[in-house]
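Undergrad: Have a peek at query-v8.pdb (PDB, C-alpha atoms, pLDDT in the B column).
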ATOM      1  CA  MET A   1     -17.022  21.183  35.761  1.00 45.00           C
ATOM      2  CA  TRP A   2     -18.995  17.966  35.753  1.00 47.00           C
ATOM      3  CA  PHE A   3     -21.544  16.593  33.292  1.00 47.00           C
ATOM      4  CA  SER A   4     -24.508  14.383  33.865  1.00 48.00           C
ATOM      5  CA  LYS A   5     -24.888  11.215  31.821  1.00 52.00           C
ATOM      6  CA  LYS A   6     -27.531  12.933  29.708  1.00 52.00           C
ATOM      7  CA  GLN A   7     -25.298  15.869  28.867  1.00 51.00           C
ATOM      8  CA  SER A   8     -22.469  15.549  26.402  1.00 48.00           C
ATOM      9  CA  LYS A   9     -19.155  17.211  26.907  1.00 48.00           C
ATOM     10  CA  PRO A  10     -18.586  20.201  24.670  1.00 49.00           C
ATOM     11  CA  ALA A  11     -15.840  19.826  22.037  1.00 49.00           C
ATOM     12  CA  SER A  12     -13.800  22.433  23.887  1.00 48.00           C
ATOM     13  CA  ALA A  13     -13.607  20.215  26.970  1.00 50.00           C
ATOM     14  CA  GLY A  14     -10.388  18.614  25.718  1.00 52.00           C
ATOM     15  CA  VAL A  15     -12.037  15.747  23.876  1.00 55.00           C
ATOM     16  CA  ALA A  16     -11.513  15.665  20.114  1.00 55.00           C
ATOM     17  CA  ALA A  17     -14.650  15.594  18.003  1.00 58.00           C
ATOM     18  CA  PRO A  18     -15.140  12.305  16.101  1.00 63.00           C
ATOM     19  CA  ALA A  19     -14.315  13.957  12.755  1.00 60.00           C
ATOM     20  CA  GLU A  20     -11.107  15.422  14.177  1.00 59.00           C
ATOM     21  CA  ALA A  21     -10.093  12.090  15.661  1.00 57.00           C
ATOM     22  CA  ALA A  22     -10.744  10.324  12.337  1.00 56.00           C
ATOM     23  CA  ALA A  23      -8.723  12.950  10.457  1.00 54.00           C
ATOM     24  CA  ALA A  24      -5.796  12.567  12.857  1.00 54.00           C
ATOM     25  CA  LYS A  25      -5.881   8.772  12.452  1.00 55.00           C
ATOM     26  CA  GLN A  26      -6.098   9.107   8.664  1.00 54.00           C
ATOM     27  CA  VAL A  27      -2.973  11.247   8.571  1.00 48.00           C
ATOM     28  CA  THR A  28      -1.145   8.676  10.681  1.00 76.00           C
ATOM     29  CA  THR A  29      -2.283   5.845   8.406  1.00 77.00           C
ATOM     30  CA  LYS A  30      -1.200   7.812   5.313  1.00 77.00           C
ATOM     31  CA  ARG A  31       2.200   8.500   6.832  1.00 82.00           C
ATOM     32  CA  ARG A  32       2.615   4.842   7.764  1.00 78.00           C
ATOM     33  CA  GLY A  33       1.705   3.800   4.218  1.00 80.00           C
ATOM     34  CA  ASP A  34       4.128   6.302   2.703  1.00 84.00           C
ATOM     35  CA  GLU A  35       6.901   5.076   4.994  1.00 85.00           C
ATOM     36  CA  ALA A  36       6.182   1.435   4.086  1.00 86.00           C
ATOM     37  CA  GLU A  37       6.354   2.279   0.370  1.00 91.00           C
ATOM     38  CA  ARG A  38       9.621   4.148   0.906  1.00 91.00           C
ATOM     39  CA  LEU A  39      11.120   1.117   2.690  1.00 91.00           C
ATOM     40  CA  ALA A  40       9.820  -1.195  -0.042  1.00 94.00           C
ATOM     41  CA  ARG A  41      11.329   0.929  -2.794  1.00 96.00           C
ATOM     42  CA  GLN A  42      14.696   1.038  -1.012  1.00 95.00           C
ATOM     43  CA  HIS A  43      14.609  -2.737  -0.538  1.00 94.00           C
ATOM     44  CA  LEU A  44      13.862  -3.372  -4.212  1.00 97.00           C
ATOM     45  CA  GLU A  45      16.485  -0.883  -5.405  1.00 97.00           C
ATOM     46  CA  ARG A  46      19.094  -2.613  -3.216  1.00 96.00           C
ATOM     47  CA  HIS A  47      18.205  -5.799  -5.107  1.00 97.00           C
ATOM     48  CA  GLY A  48      18.815  -4.197  -8.504  1.00 97.00           C
ATOM     49  CA  LEU A  49      15.374  -2.998  -9.568  1.00 98.00           C
ATOM     50  CA  ARG A  50      14.945   0.482 -11.011  1.00 98.00           C
ATOM     51  CA  TRP A  51      12.040   2.714  -9.940  1.00 98.00           C
ATOM     52  CA  VAL A  52       9.599   3.855 -12.642  1.00 97.00           C
ATOM     53  CA  ALA A  53       6.513   5.193 -10.830  1.00 96.00           C
ATOM     54  CA  SER A  54       4.623   5.249  -7.546  1.00 96.00           C
ATOM     55  CA  ASN A  55       0.910   5.200  -6.757  1.00 94.00           C
ATOM     56  CA  PHE A  56      -0.346   4.801 -10.330  1.00 95.00           C
ATOM     57  CA  LYS A  57      -4.158   4.982 -10.256  1.00 92.00           C
ATOM     58  CA  THR A  58      -6.759   4.070 -12.833  1.00 89.00           C
ATOM     59  CA  PRO A  59      -9.222   6.770 -13.801  1.00 82.00           C
ATOM     60  CA  GLY A  60     -12.704   6.758 -12.317  1.00 76.00           C
ATOM     61  CA  ARG A  61     -14.287   5.078  -9.323  1.00 73.00           C
ATOM     62  CA  GLY A  62     -13.715   1.460  -8.456  1.00 70.00           C
ATOM     63  CA  GLY A  63     -10.362   1.297 -10.153  1.00 75.00           C
ATOM     64  CA  GLY A  64      -7.110   0.074  -8.803  1.00 87.00           C
ATOM     65  CA  GLU A  65      -3.795   1.467  -7.711  1.00 90.00           C
ATOM     66  CA  ILE A  66      -0.280   0.161  -8.091  1.00 95.00           C
ATOM     67  CA  ASP A  67       1.987   1.117  -5.218  1.00 95.00           C
ATOM     68  CA  LEU A  68       5.281   0.786  -7.100  1.00 97.00           C
ATOM     69  CA  ILE A  69       6.226   0.130 -10.696  1.00 98.00           C
ATOM     70  CA  MET A  70       9.792  -1.105 -11.056  1.00 98.00           C
ATOM     71  CA  VAL A  71      11.961  -2.612 -13.800  1.00 98.00           C
ATOM     72  CA  GLU A  72      14.217  -5.649 -13.393  1.00 97.00           C
ATOM     73  CA  THR A  73      17.670  -5.607 -14.990  1.00 96.00           C
ATOM     74  CA  ASP A  74      16.345  -7.933 -17.730  1.00 97.00           C
ATOM     75  CA  GLY A  75      13.621  -5.399 -18.655  1.00 96.00           C
ATOM     76  CA  THR A  76      10.722  -7.115 -16.891  1.00 97.00           C
ATOM     77  CA  LEU A  77       8.171  -4.582 -15.714  1.00 98.00           C
ATOM     78  CA  VAL A  78       7.255  -5.338 -12.092  1.00 98.00           C
ATOM     79  CA  PHE A  79       4.003  -4.137 -10.542  1.00 97.00           C
ATOM     80  CA  VAL A  80       4.487  -4.148  -6.778  1.00 97.00           C
ATOM     81  CA  GLU A  81       1.824  -4.180  -4.089  1.00 95.00           C
ATOM     82  CA  VAL A  82       3.189  -3.084  -0.714  1.00 93.00           C
ATOM     83  CA  ARG A  83       1.354  -4.389   2.345  1.00 88.00           C
ATOM     84  CA  GLN A  84       2.276  -3.367   5.867  1.00 81.00           C
ATOM     85  CA  ARG A  85       0.911  -4.605   9.164  1.00 72.00           C
ATOM     86  CA  SER A  86       2.297  -3.779  12.579  1.00 65.00           C
ATOM     87  CA  GLN A  87       0.732  -6.912  14.092  1.00 59.00           C
ATOM     88  CA  ARG A  88       0.868 -10.436  12.710  1.00 56.00           C
ATOM     89  CA  GLY A  89      -2.628 -11.321  13.912  1.00 56.00           C
ATOM     90  CA  PHE A  90      -5.188 -12.343  11.314  1.00 52.00           C
ATOM     91  CA  GLY A  91      -2.455 -13.518   8.924  1.00 54.00           C
ATOM     92  CA  GLY A  92      -0.317 -10.384   8.897  1.00 52.00           C
ATOM     93  CA  ALA A  93       0.342  -8.419   5.729  1.00 53.00           C
ATOM     94  CA  ALA A  94       0.113 -11.470   3.440  1.00 57.00           C
ATOM     95  CA  ALA A  95      -3.516 -12.150   4.323  1.00 58.00           C
ATOM     96  CA  SER A  96      -4.561  -8.696   3.113  1.00 63.00           C
ATOM     97  CA  VAL A  97      -3.926  -9.376  -0.597  1.00 69.00           C
ATOM     98  CA  GLY A  98      -7.121 -11.166  -1.567  1.00 75.00           C
ATOM     99  CA  MET A  99      -8.663 -11.848  -4.959  1.00 84.00           C
ATOM    100  CA  ALA A 100     -10.506  -8.515  -5.133  1.00 85.00           C
ATOM    101  CA  LYS A 101      -7.295  -6.610  -4.413  1.00 86.00           C
ATOM    102  CA  GLN A 102      -5.431  -8.636  -7.040  1.00 89.00           C
ATOM    103  CA  HIS A 103      -8.163  -7.895  -9.583  1.00 89.00           C
ATOM    104  CA  ARG A 104      -7.886  -4.127  -8.964  1.00 90.00           C
ATOM    105  CA  ILE A 105      -4.086  -4.256  -9.324  1.00 92.00           C
ATOM    106  CA  VAL A 106      -4.350  -6.174 -12.615  1.00 92.00           C
ATOM    107  CA  LEU A 107      -6.899  -3.613 -13.850  1.00 92.00           C
ATOM    108  CA  ALA A 108      -4.517  -0.768 -13.014  1.00 94.00           C
ATOM    109  CA  ALA A 109      -1.616  -2.592 -14.686  1.00 95.00           C
ATOM    110  CA  ARG A 110      -3.644  -2.986 -17.885  1.00 94.00           C
ATOM    111  CA  HIS A 111      -4.342   0.758 -17.867  1.00 93.00           C
ATOM    112  CA  TYR A 112      -0.658   1.470 -17.365  1.00 95.00           C
ATOM    113  CA  LEU A 113       0.360  -0.845 -20.216  1.00 96.00           C
ATOM    114  CA  LEU A 114      -1.977   0.991 -22.616  1.00 94.00           C
ATOM    115  CA  ARG A 115       0.422   3.933 -22.360  1.00 93.00           C
ATOM    116  CA  LEU A 116       3.378   1.946 -23.709  1.00 95.00           C
ATOM    117  CA  ALA A 117       4.267   1.476 -27.383  1.00 95.00           C
ATOM    118  CA  LYS A 118       5.593  -2.032 -26.715  1.00 95.00           C
ATOM    119  CA  VAL A 119       4.524  -4.244 -23.810  1.00 95.00           C
ATOM    120  CA  PRO A 120       7.506  -5.799 -21.997  1.00 96.00           C
ATOM    121  CA  PRO A 121       7.379  -9.001 -19.943  1.00 97.00           C
ATOM    122  CA  CYS A 122       5.486  -8.242 -16.726  1.00 97.00           C
ATOM    123  CA  ARG A 123       4.903  -9.752 -13.323  1.00 97.00           C
ATOM    124  CA  PHE A 124       3.066  -8.960 -10.098  1.00 96.00           C
ATOM    125  CA  ASP A 125       5.066  -8.944  -6.873  1.00 96.00           C
ATOM    126  CA  VAL A 126       3.978  -8.342  -3.309  1.00 94.00           C
ATOM    127  CA  LEU A 127       6.295  -6.864  -0.721  1.00 94.00           C
ATOM    128  CA  LEU A 128       5.189  -7.653   2.836  1.00 90.00           C
ATOM    129  CA  ILE A 129       6.309  -5.546   5.764  1.00 86.00           C
ATOM    130  CA  ASP A 130       5.420  -7.008   9.146  1.00 79.00           C
ATOM    131  CA  GLY A 131       6.202  -5.285  12.425  1.00 73.00           C
ATOM    132  CA  ASP A 132       7.028  -1.781  13.551  1.00 71.00           C
ATOM    133  CA  LEU A 133       8.430   0.309  10.688  1.00 71.00           C
ATOM    134  CA  HIS A 134      10.984   1.987  12.954  1.00 71.00           C
ATOM    135  CA  LEU A 135      12.193  -1.095  14.809  1.00 74.00           C
ATOM    136  CA  GLY A 136      13.475  -3.159  11.888  1.00 74.00           C
ATOM    137  CA  PRO A 137      10.385  -4.787  10.403  1.00 80.00           C
ATOM    138  CA  ASP A 138      10.463  -8.156   8.654  1.00 83.00           C
ATOM    139  CA  ILE A 139      10.411  -7.647   4.883  1.00 88.00           C
ATOM    140  CA  THR A 140       9.324 -10.499   2.633  1.00 88.00           C
ATOM    141  CA  TRP A 141       9.426 -10.118  -1.147  1.00 94.00           C
ATOM    142  CA  LEU A 142       7.063 -12.445  -2.998  1.00 92.00           C
ATOM    143  CA  ARG A 143       8.107 -12.492  -6.655  1.00 95.00           C
ATOM    144  CA  ALA A 144       5.363 -13.423  -9.111  1.00 93.00           C
ATOM    145  CA  ALA A 145       2.894 -13.563  -6.220  1.00 90.00           C
ATOM    146  CA  PHE A 146      -0.065 -13.719  -8.615  1.00 89.00           C
ATOM    147  CA  ASP A 147      -0.787 -13.417 -12.324  1.00 88.00           C
ATOM    148  CA  ALA A 148      -3.232 -11.563 -14.546  1.00 86.00           C
ATOM    149  CA  SER A 149      -5.420 -14.569 -15.344  1.00 75.00           C
TER     150      SER A 149
END
Would you mind writing the file's structure down as structure tokens?

TA:
Amino acid sequence: MWFSKKQSKPASAGVAAPAEAAAAKQVTTKRRGDEAERLARQHLERHGLRWVASNFKTPGRGGGEIDLIMVETDGTLVFVEVRQRSQRGFGGAAASVGMAKQHRIVLAARHYLLRLAKVPPCRFDVLLIDGDLHLGPDITWLRAAFDAS
């Protein structure tokens, strides 16, 4: 069957509808993010940190999210942002942690700290994962990458 330029192909013609294509891509992006966070957690645990929580979100719209909350052996609470990029173009994973992102992470950290009876020393780390997740990506751990000021 052929179609003129003015006719559109029906969805049943083997071409995914735009919503279906977006949903399939979203699932892939979610899986890639979950895998990056799993690798990050393993990396940090190998270096002596203890896992506390994952994907802590502030209530309401416009809030922030903390990918991983870990504790150092000295008791320092570490809020970790995990950034993964398969390509190094445009600055790679490091270039994706701008001021707005930092602000949202600090906001989420403040919400998390409200739950604690005593606030321990804290810091904000970024764990960068560049390259294909299944082909041995480069992992860079930036301790104290930014502060709450």

Undergrad: Specify as an MDAnalysis selection string each residue included when the PyMOL selection byres ((chain A and resi 143) around 9) is applied to this file.

TA: chainID A and resid 123:127 141:142 144:146

Undergrad: Got a sec: who's within 12 Å of Val119 of chain A, counting all atoms listed in the file, leaving out chain neighbours fewer than 3 positions off, as a ChimeraX atom specification?

TA: /A:75-77,109-116,122-123

Undergrad: Since I can't run it myself right now, could you work out what the PyMOL selection byres ((chain A and resi 83) around 7) selects here and report it as a list in words?

TA: Glu81, Val82, Gln84, Arg85, Ala93, Leu127, Leu128 and Ile129 of chain A

Undergrad: I'd like the contact shell of Asp34 of chain A - 12 Å cut-off, all atoms listed in the file, skipping same-chain residues fewer than 6 positions apart - returned as a ChimeraX atom specification.

TA: /A:27-28,40-41,54-55,67-68,82-84,133

Undergrad: Which is closest to Ala108 of chain A among A:Phe79, A:Met70, A:Pro137, A:Arg38, if we use all atoms listed in the file?

TA: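 Using all atoms listed in the file, Ala108 of chain A sits closest to A:Phe79.
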
Undergrad: Between atom CA of Glu35 of chain A and atom CA of Asp132 of chain A, measure the distance and give it in Å to one decimal.

TA: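 Interatomic distance, atom CA of Glu35 of chain A to atom CA of Asp132 of chain A: 11.0 Å.
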
Undergrad: To one decimal in Å, tell me the separation between atom CA of Thr140 of chain A and atom CA of Met99 of chain A.

TA: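 Atom-to-atom, atom CA of Thr140 of chain A and atom CA of Met99 of chain A are spaced 19.6 Å apart.
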
Undergrad: Using only C-alpha atoms, which of the listed residues (A:Ile139, A:His103, A:Ala117, A:Lys30) sits closest to Gln42 of chain A?

TA: A:Ile139

Undergrad: Using Å and a single decimal, report how far atom CA of Ile105 of chain A sits from atom CA of Gly60 of chain A.

TA: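 These atoms are spaced 14.3 Å apart.
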
Undergrad: Using all atoms listed in the file, which of the listed residues (A:Pro59, A:Val80, A:Ala148, A:Gly64) sits closest to His43 of chain A?

TA: A:Val80

Undergrad: Please determine, counting all atoms listed in the file, which residue among A:Val52, A:Thr58, A:Asp74, A:Arg32 has the shortest atom-to-atom distance to Gly131 of chain A.

TA: A:Arg32

Undergrad: Which centre and edge lengths in Å to one decimal define the box along x, y and z that fits every listed atom of segment 42-55 of chain A plus 3 Å per side, as AutoDock Vina command-line options?

TA:
--center_x 10.0 --center_y -0.3 --center_z -6.6 --size_x 24.2 --size_y 17.0 --size_z 18.1

Undergrad: Considering only C-alpha atoms, state which residue in the set A:Leu49, A:Thr73, A:Ala36, A:Thr29 is at the smallest distance from Asp138 of chain A.

TA: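 Selected residue with least distance to Asp138 of chain A: A:Ala36.
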
Undergrad: A:Leu135, A:Val71, A:Ser149, A:Lys101: which is nearest Pro121 of chain A, counting all atoms listed in the file?

TA: A:Val71

Undergrad: Hey, could you patch up segment 105-141 of chain A with N, CA and C atoms and hand it over as a PDB file, keeping the file's coordinate frame?

TA:
ATOM      1  N   ILE A 105      -5.469  -4.506  -8.922  1.00 92.00           N
ATOM      2  CA  ILE A 105      -4.086  -4.256  -9.324  1.00 92.00           C
ATOM      3  C   ILE A 105      -3.893  -4.624 -10.795  1.00 92.00           C
ATOM      4  N   VAL A 106      -4.443  -5.755 -11.212  1.00 92.00           N
ATOM      5  CA  VAL A 106      -4.350  -6.174 -12.615  1.00 92.00           C
ATOM      6  C   VAL A 106      -5.035  -5.144 -13.513  1.00 92.00           C
ATOM      7  N   LEU A 107      -6.199  -4.648 -13.098  1.00 92.00           N
ATOM      8  CA  LEU A 107      -6.899  -3.613 -13.850  1.00 92.00           C
ATOM      9  C   LEU A 107      -6.016  -2.372 -14.021  1.00 92.00           C
ATOM     10  N   ALA A 108      -5.395  -1.935 -12.950  1.00 94.00           N
ATOM     11  CA  ALA A 108      -4.517  -0.768 -13.014  1.00 94.00           C
ATOM     12  C   ALA A 108      -3.313  -1.037 -13.911  1.00 94.00           C
ATOM     13  N   ALA A 109      -2.756  -2.241 -13.839  1.00 95.00           N
ATOM     14  CA  ALA A 109      -1.616  -2.592 -14.686  1.00 95.00           C
ATOM     15  C   ALA A 109      -1.997  -2.540 -16.161  1.00 95.00           C
ATOM     16  N   ARG A 110      -3.176  -3.033 -16.485  1.00 94.00           N
ATOM     17  CA  ARG A 110      -3.644  -2.986 -17.885  1.00 94.00           C
ATOM     18  C   ARG A 110      -3.763  -1.541 -18.364  1.00 94.00           C
ATOM     19  N   HIS A 111      -4.270  -0.665 -17.512  1.00 93.00           N
ATOM     20  CA  HIS A 111      -4.342   0.758 -17.867  1.00 93.00           C
ATOM     21  C   HIS A 111      -2.952   1.335 -18.079  1.00 93.00           C
ATOM     22  N   TYR A 112      -2.025   0.969 -17.226  1.00 95.00           N
ATOM     23  CA  TYR A 112      -0.658   1.470 -17.365  1.00 95.00           C
ATOM     24  C   TYR A 112      -0.040   0.993 -18.682  1.00 95.00           C
ATOM     25  N   LEU A 113      -0.240  -0.270 -19.009  1.00 96.00           N
ATOM     26  CA  LEU A 113       0.360  -0.845 -20.216  1.00 96.00           C
ATOM     27  C   LEU A 113      -0.186  -0.221 -21.488  1.00 96.00           C
ATOM     28  N   LEU A 114      -1.409   0.317 -21.454  1.00 94.00           N
ATOM     29  CA  LEU A 114      -1.977   0.991 -22.616  1.00 94.00           C
ATOM     30  C   LEU A 114      -1.152   2.210 -23.021  1.00 94.00           C
ATOM     31  N   ARG A 115      -0.384   2.749 -22.093  1.00 93.00           N
ATOM     32  CA  ARG A 115       0.422   3.933 -22.360  1.00 93.00           C
ATOM     33  C   ARG A 115       1.725   3.603 -23.095  1.00 93.00           C
ATOM     34  N   LEU A 116       2.094   2.340 -23.143  1.00 95.00           N
ATOM     35  CA  LEU A 116       3.378   1.946 -23.709  1.00 95.00           C
ATOM     36  C   LEU A 116       3.243   1.536 -25.172  1.00 95.00           C
ATOM     37  N   ALA A 117       4.260   1.864 -25.971  1.00 95.00           N
ATOM     38  CA  ALA A 117       4.267   1.476 -27.383  1.00 95.00           C
ATOM     39  C   ALA A 117       4.464  -0.030 -27.528  1.00 95.00           C
ATOM     40  N   LYS A 118       5.312  -0.597 -26.681  1.00 95.00           N
ATOM     41  CA  LYS A 118       5.593  -2.032 -26.715  1.00 95.00           C
ATOM     42  C   LYS A 118       5.474  -2.581 -25.291  1.00 95.00           C
ATOM     43  N   VAL A 119       4.741  -3.666 -25.142  1.00 95.00           N
ATOM     44  CA  VAL A 119       4.524  -4.244 -23.810  1.00 95.00           C
ATOM     45  C   VAL A 119       5.666  -5.202 -23.481  1.00 95.00           C
ATOM     46  N   PRO A 120       6.411  -4.911 -22.408  1.00 96.00           N
ATOM     47  CA  PRO A 120       7.506  -5.799 -21.997  1.00 96.00           C
ATOM     48  C   PRO A 120       6.960  -6.982 -21.195  1.00 96.00           C
ATOM     49  N   PRO A 121       7.811  -7.954 -20.884  1.00 97.00           N
ATOM     50  CA  PRO A 121       7.379  -9.001 -19.943  1.00 97.00           C
ATOM     51  C   PRO A 121       7.004  -8.328 -18.621  1.00 97.00           C
ATOM     52  N   CYS A 122       5.980  -8.845 -17.972  1.00 97.00           N
ATOM     53  CA  CYS A 122       5.486  -8.242 -16.726  1.00 97.00           C
ATOM     54  C   CYS A 122       5.283  -9.307 -15.663  1.00 97.00           C
ATOM     55  N   ARG A 123       5.285  -8.859 -14.416  1.00 97.00           N
ATOM     56  CA  ARG A 123       4.903  -9.752 -13.323  1.00 97.00           C
ATOM     57  C   ARG A 123       4.362  -8.910 -12.173  1.00 97.00           C
ATOM     58  N   PHE A 124       3.675  -9.603 -11.260  1.00 96.00           N
ATOM     59  CA  PHE A 124       3.066  -8.960 -10.098  1.00 96.00           C
ATOM     60  C   PHE A 124       3.746  -9.487  -8.842  1.00 96.00           C
ATOM     61  N   ASP A 125       4.398  -8.598  -8.121  1.00 96.00           N
ATOM     62  CA  ASP A 125       5.066  -8.944  -6.873  1.00 96.00           C
ATOM     63  C   ASP A 125       4.310  -8.335  -5.703  1.00 96.00           C
ATOM     64  N   VAL A 126       4.506  -8.909  -4.546  1.00 94.00           N
ATOM     65  CA  VAL A 126       3.978  -8.342  -3.309  1.00 94.00           C
ATOM     66  C   VAL A 126       5.138  -8.226  -2.334  1.00 94.00           C
ATOM     67  N   LEU A 127       5.264  -7.061  -1.725  1.00 94.00           N
ATOM     68  CA  LEU A 127       6.295  -6.864  -0.721  1.00 94.00           C
ATOM     69  C   LEU A 127       5.588  -6.693   0.619  1.00 94.00           C
ATOM     70  N   LEU A 128       5.852  -7.625   1.529  1.00 90.00           N
ATOM     71  CA  LEU A 128       5.189  -7.653   2.836  1.00 90.00           C
ATOM     72  C   LEU A 128       6.098  -7.047   3.884  1.00 90.00           C
ATOM     73  N   ILE A 129       5.554  -6.162   4.667  1.00 86.00           N
ATOM     74  CA  ILE A 129       6.309  -5.546   5.764  1.00 86.00           C
ATOM     75  C   ILE A 129       5.521  -5.806   7.037  1.00 86.00           C
ATOM     76  N   ASP A 130       6.071  -6.666   7.878  1.00 79.00           N
ATOM     77  CA  ASP A 130       5.420  -7.008   9.146  1.00 79.00           C
ATOM     78  C   ASP A 130       6.234  -6.455  10.301  1.00 79.00           C
ATOM     79  N   GLY A 131       5.539  -5.808  11.235  1.00 73.00           N
ATOM     80  CA  GLY A 131       6.202  -5.285  12.425  1.00 73.00           C
ATOM     81  C   GLY A 131       6.291  -3.771  12.382  1.00 73.00           C
ATOM     82  N   ASP A 132       6.879  -3.225  13.416  1.00 71.00           N
ATOM     83  CA  ASP A 132       7.028  -1.781  13.551  1.00 71.00           C
ATOM     84  C   ASP A 132       8.018  -1.261  12.509  1.00 71.00           C
ATOM     85  N   LEU A 133       7.601  -0.235  11.763  1.00 71.00           N
ATOM     86  CA  LEU A 133       8.430   0.309  10.688  1.00 71.00           C
ATOM     87  C   LEU A 133       9.751   0.884  11.186  1.00 71.00           C
ATOM     88  N   HIS A 134       9.786   1.329  12.430  1.00 71.00           N
ATOM     89  CA  HIS A 134      10.984   1.987  12.954  1.00 71.00           C
ATOM     90  C   HIS A 134      11.858   1.064  13.795  1.00 71.00           C
ATOM     91  N   LEU A 135      11.419  -0.160  13.991  1.00 74.00           N
ATOM     92  CA  LEU A 135      12.193  -1.095  14.809  1.00 74.00           C
ATOM     93  C   LEU A 135      12.677  -2.292  13.992  1.00 74.00           C
ATOM     94  N   GLY A 136      12.972  -2.071  12.728  1.00 74.00           N
ATOM     95  CA  GLY A 136      13.475  -3.159  11.888  1.00 74.00           C
ATOM     96  C   GLY A 136      12.424  -4.196  11.564  1.00 74.00           C
ATOM     97  N   PRO A 137      11.450  -3.838  10.734  1.00 80.00           N
ATOM     98  CA  PRO A 137      10.385  -4.787  10.403  1.00 80.00           C
ATOM     99  C   PRO A 137      10.913  -5.948   9.557  1.00 80.00           C
ATOM    100  N   ASP A 138      10.150  -7.033   9.533  1.00 83.00           N
ATOM    101  CA  ASP A 138      10.463  -8.156   8.654  1.00 83.00           C
ATOM    102  C   ASP A 138       9.930  -7.828   7.266  1.00 83.00           C
ATOM    103  N   ILE A 139      10.807  -7.925   6.263  1.00 88.00           N
ATOM    104  CA  ILE A 139      10.411  -7.647   4.883  1.00 88.00           C
ATOM    105  C   ILE A 139      10.489  -8.942   4.099  1.00 88.00           C
ATOM    106  N   THR A 140       9.389  -9.292   3.454  1.00 88.00           N
ATOM    107  CA  THR A 140       9.324 -10.499   2.633  1.00 88.00           C
ATOM    108  C   THR A 140       8.901 -10.087   1.227  1.00 88.00           C
ATOM    109  N   TRP A 141       9.701 -10.469   0.242  1.00 94.00           N
ATOM    110  CA  TRP A 141       9.426 -10.118  -1.147  1.00 94.00           C
ATOM    111  C   TRP A 141       8.910 -11.359  -1.863  1.00 94.00           C
TER     112      TRP A 141
END
